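Source file target00.cif; content: mmCIF, C-alpha atoms.
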```cif
data_query
loop_
_atom_site.label_atom_id
_atom_site.label_comp_id
_atom_site.auth_asym_id
_atom_site.auth_seq_id
_atom_site.Cartn_x
_atom_site.Cartn_y
_atom_site.Cartn_z
CA MET A 28 32.03 112.28 21.13
CA PRO A 29 33.20 108.83 20.08
CA SER A 30 33.79 109.82 16.44
CA GLN A 31 36.20 112.61 17.35
CA SER A 32 39.85 111.73 16.77
CA ARG A 33 41.95 111.34 19.89
CA LEU A 34 45.07 111.87 17.80
CA ARG A 35 46.88 114.74 16.12
CA MET A 36 48.82 113.56 13.09
CA SER A 37 51.39 115.11 10.80
CA GLU A 38 53.43 113.51 8.02
CA ASN A 39 56.86 114.56 6.87
CA ASP A 40 59.20 112.66 4.53
CA GLY A 41 57.13 109.51 4.90
CA ILE A 42 57.26 109.60 8.69
CA MET A 43 53.93 109.94 10.45
CA THR A 44 54.10 111.67 13.83
CA VAL A 45 51.10 110.93 16.00
CA GLU A 46 50.41 112.91 19.17
CA PHE A 47 47.88 111.73 21.72
CA VAL A 48 45.40 114.48 22.48
CA ASP A 49 44.14 113.07 25.77
CA ARG A 50 45.84 113.56 29.12
CA ASN A 51 44.52 110.21 30.29
CA ILE A 52 44.71 107.07 28.18
CA LEU A 53 42.71 104.76 30.41
CA ASP A 54 39.36 104.08 28.84
CA GLU A 55 39.25 100.81 26.90
CA ALA A 56 36.77 102.14 24.34
CA ASN A 57 39.00 105.14 23.69
CA ILE A 58 42.09 102.96 23.55
CA GLN A 59 40.42 100.72 20.98
CA ALA A 60 39.45 103.76 18.90
CA ILE A 61 43.04 105.03 19.05
CA GLY A 62 44.30 101.58 18.01
CA ASP A 63 41.88 101.43 15.08
CA GLU A 64 42.90 104.86 13.87
CA ILE A 65 46.62 104.07 14.05
CA ALA A 66 46.00 100.69 12.38
CA THR A 67 44.57 102.55 9.40
CA VAL A 68 47.75 104.64 9.18
CA ILE A 69 49.89 101.50 9.35
CA GLU A 70 47.86 99.75 6.65
CA ARG A 71 48.23 102.69 4.26
CA ALA A 72 52.00 103.02 4.62
CA SER A 73 54.56 100.73 3.08
CA PRO A 74 56.63 100.36 5.14
CA PRO A 75 55.07 102.28 8.05
CA LYS A 76 57.32 104.78 9.82
CA LEU A 77 55.58 105.94 12.94
CA VAL A 78 56.47 108.24 15.85
CA LEU A 79 54.09 108.30 18.81
CA SER A 80 54.38 111.37 21.02
CA PHE A 81 53.16 111.22 24.62
CA SER A 82 53.76 114.91 25.34
CA ASN A 83 50.19 115.49 26.55
CA VAL A 84 49.80 112.23 28.44
CA ASP A 85 49.68 112.26 32.25
CA HIS A 86 48.17 108.83 32.87
CA LEU A 87 48.07 105.57 31.01
CA SER A 88 46.79 102.15 31.94
CA SER A 89 47.89 98.61 31.22
CA ALA A 90 45.15 98.50 28.56
CA ALA A 91 46.98 101.30 26.74
CA LEU A 92 50.24 99.33 26.98
CA GLY A 93 48.45 96.38 25.39
CA GLN A 94 47.31 98.55 22.51
CA LEU A 95 50.87 99.83 22.00
CA ILE A 96 52.05 96.23 21.70
CA THR A 97 49.36 95.56 19.11
CA ILE A 98 50.53 98.62 17.18
CA ASN A 99 54.15 97.46 17.46
CA ASN A 100 53.21 94.03 16.11
CA LYS A 101 51.40 95.55 13.13
CA VAL A 102 54.34 97.81 12.32
CA ARG A 103 56.74 94.84 12.53
CA ASP A 104 54.49 92.73 10.31
CA LYS A 105 55.00 95.33 7.59
CA ALA A 106 58.74 95.68 8.28
CA GLY A 107 58.16 99.22 9.51
CA GLN A 108 59.65 101.31 12.27
CA LEU A 109 58.00 102.58 15.44
CA ARG A 110 59.39 105.09 17.92
CA LEU A 111 57.93 106.50 21.13
CA CYS A 112 58.88 109.91 22.50
CA ASN A 113 58.13 112.74 24.95
CA ILE A 114 57.31 110.29 27.73
CA ASP A 115 57.25 111.98 31.10
CA PRO A 116 59.27 110.28 33.86
CA GLN A 117 56.18 109.02 35.71
CA ILE A 118 54.85 107.39 32.56
CA TYR A 119 58.31 106.05 31.69
CA GLU A 120 58.32 104.23 35.02
CA VAL A 121 55.24 102.30 33.88
CA PHE A 122 57.22 101.15 30.84
CA ALA A 123 60.21 100.28 33.02
CA ILE A 124 58.18 98.26 35.56
CA THR A 125 56.61 96.22 32.78
CA LYS A 126 59.99 96.02 30.96
CA LEU A 127 58.36 97.39 27.86
CA ASN A 128 61.15 99.95 27.70
CA LYS A 129 63.16 97.00 26.30
CA ILE A 130 60.55 96.30 23.62
CA PHE A 131 59.94 99.84 22.40
CA GLU A 132 62.53 102.27 21.11
CA ILE A 133 61.97 105.37 23.24
CA HIS A 134 63.45 108.82 22.60
CA ASP A 135 63.37 112.01 24.61
CA THR A 136 62.09 114.28 21.86
CA THR A 137 60.13 114.07 18.62
CA GLU A 138 63.18 115.34 16.71
CA GLU A 139 65.37 112.54 18.09
CA ALA A 140 62.70 109.95 17.35
CA VAL A 141 62.22 111.16 13.78
CA GLY A 142 65.99 111.38 13.29
CA SER A 143 66.44 107.77 14.41
CA ILE A 144 64.25 106.41 11.62
CA ALA A 145 66.19 105.18 8.65
CA MET B 27 33.20 116.06 74.36
CA ALA B 28 36.18 117.49 72.47
CA ALA B 29 36.06 117.50 68.70
CA PRO B 30 38.59 115.19 67.05
CA ASP B 31 41.75 116.92 65.91
CA ARG B 32 41.63 117.03 62.14
CA SER B 33 44.23 119.74 61.71
CA ASN B 34 46.25 117.49 59.39
CA GLU B 35 43.45 117.33 56.91
CA ALA B 36 44.27 120.28 54.73
CA ASP B 37 41.00 120.35 52.86
CA ARG B 38 38.03 119.21 54.87
CA THR B 39 35.62 119.62 51.99
CA GLU B 40 37.07 116.48 50.39
CA PRO B 41 35.92 113.29 52.11
CA MET B 42 38.98 111.35 53.30
CA ARG B 43 37.20 108.04 53.40
CA GLY B 44 34.24 106.44 51.80
CA THR B 45 32.63 103.37 50.32
CA VAL B 46 31.37 103.55 46.76
CA SER B 47 29.44 101.11 44.58
CA VAL B 48 30.93 101.54 41.12
CA LEU B 49 29.29 100.43 37.90
CA ASN B 50 31.32 99.39 34.88
CA GLU B 51 31.04 102.81 33.30
CA ARG B 52 34.03 104.88 32.32
CA GLY B 53 32.57 108.06 33.83
CA ALA B 54 32.05 106.39 37.20
CA ILE B 55 35.53 104.82 37.29
CA THR B 56 37.18 108.09 36.27
CA ALA B 57 35.16 110.06 38.84
CA LEU B 58 36.22 107.65 41.58
CA GLY B 59 39.89 107.97 40.62
CA GLU B 60 39.64 111.74 40.58
CA ARG B 61 37.86 111.81 43.92
CA VAL B 62 40.54 109.70 45.60
CA VAL B 63 43.35 111.73 44.03
CA ARG B 64 41.76 115.02 45.09
CA ALA B 65 41.47 113.73 48.64
CA ALA B 66 45.06 112.46 48.60
CA GLY B 67 46.26 115.82 47.31
CA ALA B 68 44.29 117.59 50.02
CA ALA B 69 45.94 115.31 52.60
CA GLY B 70 49.35 116.46 51.37
CA TYR B 71 50.39 113.58 49.10
CA ALA B 72 52.77 114.53 46.31
CA GLU B 73 51.91 114.15 42.66
CA ALA B 74 53.96 110.96 42.29
CA SER B 75 51.97 109.37 45.12
CA CYS B 76 48.68 110.44 43.56
CA PHE B 77 49.82 108.97 40.24
CA ALA B 78 50.69 105.65 41.91
CA VAL B 79 47.43 105.38 43.82
CA ARG B 80 45.30 106.36 40.86
CA LEU B 81 46.99 103.83 38.58
CA ALA B 82 46.61 101.01 41.12
CA LEU B 83 42.96 101.87 41.71
CA GLU B 84 42.25 102.05 37.98
CA GLU B 85 43.90 98.69 37.30
CA ALA B 86 42.18 96.98 40.24
CA VAL B 87 38.70 98.21 39.29
CA VAL B 88 39.19 97.33 35.62
CA ASN B 89 40.46 93.85 36.61
CA ALA B 90 37.47 93.37 38.91
CA PHE B 91 35.05 93.97 36.05
CA ARG B 92 37.04 92.27 33.30
CA HIS B 93 37.86 89.10 35.22
CA GLY B 94 35.70 88.97 38.35
CA HIS B 95 32.49 90.05 36.64
CA LYS B 96 33.01 88.49 33.23
CA ASP B 97 30.07 86.13 33.75
CA LEU B 98 27.91 88.58 35.69
CA ASP B 99 25.29 91.03 34.60
CA ALA B 100 26.63 94.49 33.71
CA SER B 101 24.38 96.01 36.36
CA VAL B 102 26.37 94.38 39.21
CA PRO B 103 28.64 96.97 40.84
CA VAL B 104 32.08 96.62 42.39
CA GLU B 105 32.45 97.88 45.96
CA VAL B 106 35.35 100.24 46.59
CA SER B 107 36.38 101.56 50.01
CA TYR B 108 39.13 104.09 50.57
CA ASP B 109 40.66 105.66 53.62
CA ILE B 110 43.23 108.42 53.34
CA ASP B 111 45.21 109.58 56.32
CA PRO B 112 48.40 111.61 56.30
CA ALA B 113 50.65 108.55 56.62
CA ARG B 114 48.91 105.96 54.46
CA ILE B 115 46.17 105.33 51.96
CA THR B 116 44.21 102.10 52.09
CA ILE B 117 41.89 100.98 49.33
CA SER B 118 39.89 97.80 48.98
CA ILE B 119 38.04 96.62 45.91
CA GLU B 120 35.59 93.75 46.18
CA ASP B 121 33.86 92.18 43.22
CA ALA B 122 30.97 89.73 43.19
CA GLY B 123 32.80 87.11 41.16
CA PRO B 124 34.18 83.71 42.12
CA GLY B 125 37.65 85.02 42.99
CA PHE B 126 41.01 84.04 41.59
CA ASP B 127 44.37 82.66 42.65
CA PRO B 128 46.90 85.51 42.32
CA SER B 129 49.83 83.06 42.37
CA ALA B 130 48.51 81.60 39.10
CA VAL B 131 48.86 84.90 37.24
CA PRO B 132 51.81 84.62 34.82
CA ASP B 133 54.74 87.04 35.08
CA PRO B 134 54.07 89.54 32.27
CA THR B 135 57.76 90.48 32.09
CA ALA B 136 58.87 86.91 31.28
CA PRO B 137 60.21 86.61 27.72
CA GLU B 138 57.31 84.38 26.65
CA ASN B 139 54.78 86.94 27.93
CA ILE B 140 56.44 90.28 27.25
CA THR B 141 54.62 90.87 23.96
CA LYS B 142 51.21 89.75 25.18
CA THR B 143 48.64 92.49 25.03
CA SER B 144 47.23 92.00 28.54
CA GLY B 145 48.15 90.76 32.01
CA ARG B 146 50.12 93.73 33.42
CA GLY B 147 47.56 95.22 35.81
CA LEU B 148 48.48 93.19 38.88
CA LEU B 149 52.21 93.80 38.32
CA LEU B 150 51.60 97.55 38.26
CA ILE B 151 49.44 97.39 41.39
CA ARG B 152 52.11 95.42 43.27
CA SER B 153 54.88 97.71 42.04
CA TYR B 154 53.24 100.96 43.06
CA MET B 155 51.55 99.96 46.31
CA THR B 156 53.38 99.24 49.57
CA GLU B 157 51.34 96.14 50.36
CA VAL B 158 48.73 94.18 48.42
CA ARG B 159 46.61 91.38 49.86
CA HIS B 160 44.00 89.18 48.26
CA THR B 161 41.27 88.20 50.68
CA GLY B 162 37.81 86.72 50.77
CA ARG B 163 37.51 83.96 48.19
CA GLY B 164 40.05 85.82 46.06
CA ASN B 165 37.45 88.41 45.05
CA ARG B 166 38.78 91.22 47.22
CA ILE B 167 42.02 93.12 46.89
CA GLU B 168 43.30 95.25 49.75
CA MET B 169 46.01 97.74 48.91
CA ARG B 170 48.01 100.00 51.18
CA TYR B 171 50.20 102.89 50.11
CA ASP B 172 52.57 104.34 52.73
CA ARG B 173 53.53 107.92 52.26
CA PRO B 174 57.19 107.81 51.18
CA ASP B 175 58.31 110.85 53.19
CA ALA B 176 56.25 110.07 56.32
#
```

Would you encode the structure as structure tokens?
Amino acid sequence: MPSQSRLRMSENDGIMTVEFVDRNILDEANIQAIGDEIATVIERASPPKLVLSFSNVDHLSSAALGQLITINNKVRDKAGQLRLCNIDPQIYEVFAITKLNKIFEIHDTTEEAVGSIA
Amino acid sequence: MAAPDRSNEADRTEPMRGTVSVLNERGAITALGERVVRAAGAAGYAEASCFAVRLALEEAVVNAFRHGHKDLDASVPVEVSYDIDPARITISIEDAGPGFDPSAVPDPTAPENITKTSGRGLLLIRSYMTEVRHTGRGNRIEMRYDRPDA
């Protein structure tokens, strides 16, 4: 079902919260589709304010990390803000090993992430 | 002749070792990962161990196709062997490509590389596995994971 969205989105006060539907974010085709969908959200917003929730995610690959960096770059290009949240400790370790926890602003909960956006 | 003692193998329906030819298809790669994780779980490995092994396997297989097989026909498989015993898990992945020099892979955590969109697979493999060796002409990766509480 390649046309089915892998994301659940909700907008409130100009902040788009995006929740990954899949437990596993491994497949490059899926990751590209997710990236394309989020890119559309970023293009529409000015400036983009985006919260990505990983509450459903059990596994993610380095390809997914690459896509997150692409998303981060697009948000920065438009002077927007990006937050990550609800990352389980096992997944957080992947960010820590790759030192991407220093690149992304990561919060424990969606509420904290939304509240941190100016 | 006495039967070998396999009392440590909690679930004998799950093969604890095998060699699989994997095509570059998401379904096949996912199925392999799930098979190895099921076997590891049946052998008593904790969830964190299963996570580590699955991630390393995923990254190694994807690397084998993306880099090792980049000039090869899509029909050429990668050969994966795994062996799970209660104390350690060993996995080898061999591609049909020309091989590579692992010491030439840039550090993806260096400031000049940190925002690159690729190049983190090998770092993750080395971080999660106990030992990683590159053998053959650089086209084979052998990974060992020692059970942390063994």

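Separating CA of Asp63 in chain A from CA of Glu138 in chain A is a distance of 25.5 Å.
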
request  = Please identify all polymer residues within 9 Å of Leu148 in chain B, counting all atoms listed in the file, omitting same-chain residues fewer than 6 positions from it, and present them as a PyMOL selection string.
outcome  = chain B and resi 82+85-86+89+128+131

task = Write out as number ranges by chain the residues lying within 7 Å of range 167-170 of chain B, counting all atoms listed in the file and excluding same-chain residues fewer than 5 positions away.
result = B: 114-120, 155-161

message = Since I can't run it myself right now, could you work out what the PyMOL selection byres ((chain A) within 8 of (chain B)) selects here and report it as a ChimeraX atom specification?
response = /A:54,86-90,92-94,96-97,117,121,124-127

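Between CA of Val46 in chain B and CA of His95 in chain B the separation is 16.9 Å.
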
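Here CA of Ala100 in chain B and CA of Leu49 in chain B stand 7.7 Å from one another.
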